[in-house]
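run03.txt (compact mmCIF, C-alpha atoms)
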# COMPACT_ATOMS: atom_id res chain seq x y z
CA MET A 7 140.57 132.31 92.97
CA SER A 8 141.84 129.10 94.50
CA LYS A 9 142.11 126.03 92.31
CA SER A 10 139.86 123.04 92.83
CA LYS A 11 141.25 119.70 93.92
CA ARG A 12 140.64 118.35 90.42
CA GLU A 13 142.59 121.21 88.82
CA LEU A 14 145.46 120.73 91.23
CA ARG A 15 145.47 117.00 90.58
CA GLU A 16 145.55 117.50 86.79
CA GLN A 17 148.30 120.11 87.17
CA ARG A 18 150.37 117.69 89.24
CA ARG A 19 149.87 114.87 86.73
CA ALA A 20 150.93 117.14 83.87
CA ALA A 21 154.07 118.12 85.78
CA GLU A 22 154.86 114.48 86.48
CA ARG A 23 154.47 113.55 82.79
CA ALA A 24 156.74 116.43 81.79
CA ALA A 25 159.34 115.31 84.34
CA VAL A 26 159.31 111.77 82.96
CA VAL A 27 159.86 113.00 79.41
CA ALA A 28 162.65 115.34 80.52
CA GLU A 29 164.44 112.63 82.48
CA SER A 30 164.15 110.18 79.57
CA ARG A 31 165.73 112.72 77.27
CA ARG A 32 168.52 113.53 79.75
CA ARG A 33 169.29 109.82 80.15
CA ARG A 34 169.35 109.32 76.39
CA ILE A 35 171.64 112.30 75.89
CA ARG A 36 174.06 111.09 78.61
CA THR A 37 174.22 107.65 77.02
CA LEU A 38 174.70 108.96 73.52
CA LEU A 39 177.35 111.44 74.61
CA GLY A 40 179.31 108.57 76.06
CA ALA A 41 178.80 106.43 73.00
CA THR A 42 180.09 108.67 70.25
CA GLY A 43 181.63 111.99 69.46
CA VAL A 44 179.19 112.35 66.58
CA ALA A 45 176.39 112.30 69.11
CA VAL A 46 177.97 115.26 70.88
CA VAL A 47 177.72 117.36 67.76
CA LEU A 48 174.18 116.30 66.92
CA VAL A 49 172.72 116.56 70.40
CA VAL A 50 174.35 119.90 71.20
CA ALA A 51 173.26 121.22 67.82
CA GLY A 52 169.74 119.99 68.52
CA ILE A 53 169.68 121.75 71.89
CA ALA A 54 170.94 124.98 70.33
CA ILE A 55 168.32 124.85 67.59
CA SER A 56 165.60 124.12 70.14
CA ALA A 57 166.67 127.09 72.25
CA THR A 58 166.27 129.44 69.29
CA GLY A 59 162.97 128.09 68.07
CA GLY A 60 164.47 125.66 65.59
CA ALA A 61 163.59 124.35 62.21
CA LYS A 62 160.78 121.87 61.98
CA ALA A 63 160.59 119.08 59.42
CA LYS A 64 162.25 119.13 56.03
CA PRO A 65 159.85 119.21 53.09
CA VAL A 66 158.60 115.73 52.23
CA ALA A 67 158.95 114.77 48.60
CA PRO A 68 159.17 111.49 46.70
CA SER A 69 162.40 110.25 48.20
CA SER A 70 165.20 107.94 47.15
CA ALA A 71 165.63 106.94 50.80
CA SER A 72 163.40 103.87 50.50
CA LYS A 73 165.50 102.58 47.58
CA LEU A 74 167.83 101.16 50.23
CA VAL A 75 165.30 98.42 50.97
CA ALA A 76 163.61 98.18 47.58
CA GLY A 77 163.23 94.62 46.34
CA ILE A 78 163.94 93.02 49.73
CA GLN A 79 161.08 91.03 51.21
CA GLU A 80 159.64 92.19 54.52
CA HIS A 81 157.43 90.27 56.94
CA ASN A 82 156.09 91.71 60.21
CA GLY A 83 158.74 94.41 60.27
CA VAL A 84 161.58 91.99 59.54
CA LEU A 85 163.58 92.76 56.42
CA GLY A 86 165.20 89.90 54.51
CA ASP A 87 164.94 86.17 54.00
CA PRO A 88 162.86 84.66 56.84
CA LYS A 89 165.21 81.65 56.78
CA ALA A 90 168.33 83.73 57.43
CA PRO A 91 170.13 82.21 60.46
CA VAL A 92 171.03 85.54 62.04
CA THR A 93 168.65 88.27 63.20
CA VAL A 94 169.92 91.77 63.89
CA THR A 95 167.40 93.98 65.67
CA GLU A 96 167.61 97.75 65.78
CA TYR A 97 165.88 99.56 68.64
CA LEU A 98 165.10 103.00 67.27
CA ASP A 99 163.11 106.14 67.83
CA LEU A 100 161.98 107.84 64.64
CA GLN A 101 162.80 111.25 66.15
CA CYS A 102 166.33 110.20 67.13
CA PRO A 103 168.98 112.07 65.06
CA ILE A 104 171.57 109.40 65.83
CA CYS A 105 169.27 106.74 64.40
CA GLN A 106 169.03 108.82 61.26
CA GLN A 107 172.82 109.03 61.13
CA ALA A 108 173.17 105.26 61.52
CA SER A 109 170.65 104.77 58.73
CA THR A 110 172.69 106.98 56.43
CA ALA A 111 176.24 106.08 57.39
CA ASN A 112 176.16 102.44 58.49
CA LEU A 113 173.11 100.49 57.41
CA PRO A 114 173.37 100.72 53.61
CA ALA A 115 176.57 98.66 53.38
CA PHE A 116 175.29 96.24 56.01
CA ILE A 117 171.98 95.72 54.22
CA ASN A 118 173.64 95.24 50.85
CA THR A 119 176.29 92.86 52.18
CA TYR A 120 174.26 90.74 54.57
CA VAL A 121 170.51 91.26 54.17
CA ARG A 122 170.26 91.26 50.38
CA THR A 123 172.43 88.13 50.26
CA GLY A 124 170.17 86.20 52.65
CA LYS A 125 172.70 85.90 55.45
CA VAL A 126 170.91 88.17 57.93
CA LYS A 127 167.40 89.44 58.53
CA LEU A 128 167.01 92.90 60.00
CA GLN A 129 164.26 93.67 62.48
CA ALA A 130 163.08 97.07 63.73
CA ARG A 131 161.58 97.75 67.13
CA THR A 132 160.23 101.28 67.30
CA LEU A 133 160.51 102.89 70.72
CA SER A 134 158.88 106.17 71.67
CA PHE A 135 160.60 107.67 74.69
CA ILE A 136 161.74 110.99 73.21
CA GLY A 137 158.25 112.41 73.43
CA PRO A 138 154.70 112.61 72.08
CA ASP A 139 155.78 112.96 68.45
CA SER A 140 157.67 109.68 68.81
CA VAL A 141 154.52 107.91 69.95
CA THR A 142 152.50 109.25 67.04
CA ALA A 143 155.20 108.37 64.52
CA ALA A 144 155.76 104.88 65.93
CA LYS A 145 152.07 104.01 65.78
CA VAL A 146 151.79 105.03 62.13
CA ALA A 147 155.01 103.11 61.44
CA HIS A 148 153.26 100.01 62.74
CA GLY A 149 150.46 100.79 60.31
CA ALA A 150 153.05 100.78 57.53
CA GLU A 151 154.35 97.48 58.89
CA GLN A 152 150.95 95.89 58.23
CA GLN A 153 151.52 96.68 54.57
CA GLY A 154 155.04 95.23 54.47
CA LYS A 155 156.46 98.76 54.23
CA LEU A 156 157.90 99.47 57.68
CA TRP A 157 161.50 99.92 56.56
CA SER A 158 160.52 102.05 53.59
CA PHE A 159 158.49 104.25 55.95
CA ILE A 160 161.38 104.50 58.41
CA GLU A 161 163.90 105.53 55.77
CA THR A 162 161.54 108.08 54.24
CA PHE A 163 160.71 109.51 57.67
CA TYR A 164 164.41 109.94 58.44
CA ALA A 165 164.90 111.83 55.17
CA SER A 166 162.46 114.48 56.43
CA GLN A 167 163.18 114.24 60.16
CA GLY A 168 162.58 117.47 62.06
CA GLU A 169 163.32 119.03 65.42
CA GLU A 170 162.51 116.75 68.35
CA ASN A 171 159.07 117.35 69.83
CA SER A 172 158.53 120.52 67.78
CA GLY A 173 155.09 119.30 66.77
CA TYR A 174 156.07 118.53 63.19
CA VAL A 175 154.70 114.96 63.31
CA THR A 176 151.24 115.95 62.14
CA THR A 177 148.70 113.95 60.18
CA ASP A 178 149.63 115.96 57.09
CA PHE A 179 153.35 115.24 57.54
CA LEU A 180 152.78 111.53 58.16
CA THR A 181 150.50 111.32 55.13
CA LYS A 182 153.22 112.82 52.94
CA VAL A 183 155.84 110.45 54.38
CA ALA A 184 153.56 107.47 53.81
CA ASP A 185 152.79 108.52 50.25
CA ALA A 186 156.49 108.96 49.45
CA ALA A 187 157.24 105.55 50.98
CA GLY A 188 154.58 103.76 48.94
CA VAL A 189 152.36 103.25 51.98
CA ASN A 190 148.58 103.62 51.95
CA ALA A 191 148.46 106.60 54.31
CA LYS A 192 144.81 106.33 55.30
CA GLN A 193 145.10 102.66 56.21
CA ALA A 194 148.30 103.26 58.20
CA ILE A 195 146.84 106.20 60.11
CA ASP A 196 143.60 104.36 60.78
CA PHE A 197 145.61 101.43 62.15
CA SER A 198 147.60 103.79 64.38
CA LYS A 199 144.44 104.73 66.26
CA GLY A 200 143.68 101.17 67.36
CA GLN A 201 144.78 99.00 70.24
CA SER A 202 147.04 96.87 68.03
CA ALA A 203 149.33 99.84 67.42
CA GLN A 204 149.58 100.54 71.15
CA SER A 205 150.23 96.87 71.87
CA ALA A 206 153.12 96.92 69.39
CA LEU A 207 154.67 99.86 71.26
CA ASP A 208 154.18 98.09 74.58
CA GLN A 209 155.87 94.94 73.26
CA ALA A 210 158.85 96.92 71.94
CA ASP A 211 159.18 98.74 75.27
CA ALA A 212 159.04 95.46 77.18
CA ALA A 213 161.73 93.89 74.99
CA ALA A 214 163.95 96.96 75.44
CA GLN A 215 163.47 96.88 79.21
CA THR A 216 164.37 93.19 79.37
CA LEU A 217 167.63 93.86 77.52
CA GLY A 218 168.43 97.06 79.40
CA VAL A 219 168.16 99.14 76.23
CA ASN A 220 167.68 102.78 77.24
CA SER A 221 169.09 104.68 74.28
CA THR A 222 168.73 104.66 70.52
CA PRO A 223 169.96 103.32 68.27
CA SER A 224 170.82 100.04 69.97
CA PHE A 225 171.50 96.84 68.08
CA THR A 226 171.12 93.23 69.17
CA VAL A 227 171.95 89.92 67.51
CA SER A 228 170.35 86.50 67.72
CA LYS A 229 171.76 83.44 65.97
CA ASN A 230 169.61 80.43 65.12
CA GLY A 231 166.89 81.46 67.53
CA SER A 232 169.15 82.20 70.51
CA ALA A 233 168.35 85.00 72.95
CA GLU A 234 169.06 88.55 71.82
CA LYS A 235 172.40 90.01 72.85
CA VAL A 236 173.20 93.72 72.73
CA ILE A 237 176.16 94.28 70.42
CA ALA A 238 176.24 98.02 69.77
CA VAL A 239 174.88 101.31 71.08
CA GLY A 240 175.18 104.56 69.16
CA LEU A 241 177.53 105.00 66.22
CA THR A 242 180.93 104.15 67.66
CA ASP A 243 182.53 101.55 65.37
CA LEU A 244 179.02 100.37 64.53
CA THR A 245 179.85 98.84 61.16
CA ASN A 246 182.71 96.77 62.56
CA LYS A 247 180.57 95.59 65.48
CA LEU A 248 177.77 94.53 63.17
CA ASN A 249 180.16 92.73 60.84
CA LYS A 250 181.81 90.83 63.68
CA ALA A 251 178.49 89.88 65.22
CA VAL A 252 177.18 88.18 62.09
CA ALA A 253 180.44 86.72 60.82
Give the structure from the file, written as structure tokens.
Amino acid sequence: MSKSKRELREQRRAAERAAVVAESRRRRIRTLLGATGVAVVLVVAGIAISATGGAKAKPVAPSSASKLVAGIQEHNGVLGDPKAPVTVTEYLDLQCPICQQASTANLPAFINTYVRTGKVKLQARTLSFIGPDSVTAAKVAHGAEQQGKLWSFIETFYASQGEENSGYVTTDFLTKVADAAGVNAKQAIDFSKGQSAQSALDQADAAAQTLGVNSTPSFTVSKNGSAEKVIAVGLTDLTNKLNKAVA
């Protein structure tokens, strides 16, 4: 039986969407491979796991991950003293394994040295180009942001991060992450379904496009309200780059 024009049109649109996602991932992998040897290990490992079915998310439990930002004020997704003269912005994707590595290996010392002392405020812009799970996660993250808990949500999510686009970012998983991060899960998920959450994603995407950011994590710096400048991509010498940028 021949397919109708509508069926053919929907099939073509689905193929086009899949091609966009695949190309975005290929571009991200090429960039990250060039940025750091650590990325080689993580990305190749991720591909190998994916090819064999892969593990999904780690079990979510009350986590110590959010202790990194405990006691630091947060406003509109910006961590630290609002009067701090320097703003460092991280462009991240919650599914990105390199972002998780940066969070573990590089950010703790930076936060303790610069953010807790009031010298720097740290902003997060959640992108969502890895795939559908990234979109879902980013929207709920913006729900956590409304409660002043974005960074706690991010750190807790990373602690249970699963295989990219394996379907692990379910309502149940996000509820457990939110609960462990001290976020009102129902409110965050309800917010994620509204236009405000989508607008936040659109704004982050627009800012990334303006700066030419096409891989995660990418870091920018702005001093005393100046325009953002990209200072680091990936993990290569990230700590030193951050330290020099805010010195």
- request: Record the distance separating CA of Asp87 in chain A and CA of Lys125 in chain A, expressed in Å with one decimal.
  value: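 CA of Lys125 in chain A lies 7.9 Å from CA of Asp87 in chain A.
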- request: Between A:Val84, A:Ile136, A:Ala111, A:Leu100, single out the one closest to Glu151 in chain A, counting all atoms listed in the file.
  value: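 Going through A:Val84, A:Ile136, A:Ala111, A:Leu100 one by one, the smallest distance to Glu151 in chain A is for A:Val84.
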query: When you draw a straight line from CA of Phe135 in chain A to CA of Ser198 in chain A, how long is it in Å?
result: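 Rounded to one decimal, the two atoms are 17.0 Å apart.
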statement: With distances taken over all atoms listed in the file, the candidate from A:Phe163, A:Val175, A:Thr132, A:Val92 nearest Lys235 in chain A is A:Val92
- prompt: Suppose you want the space between CA of Asp243 in chain A and CA of Val219 in chain A; what is it in Å?
  reply: 18.2 Å
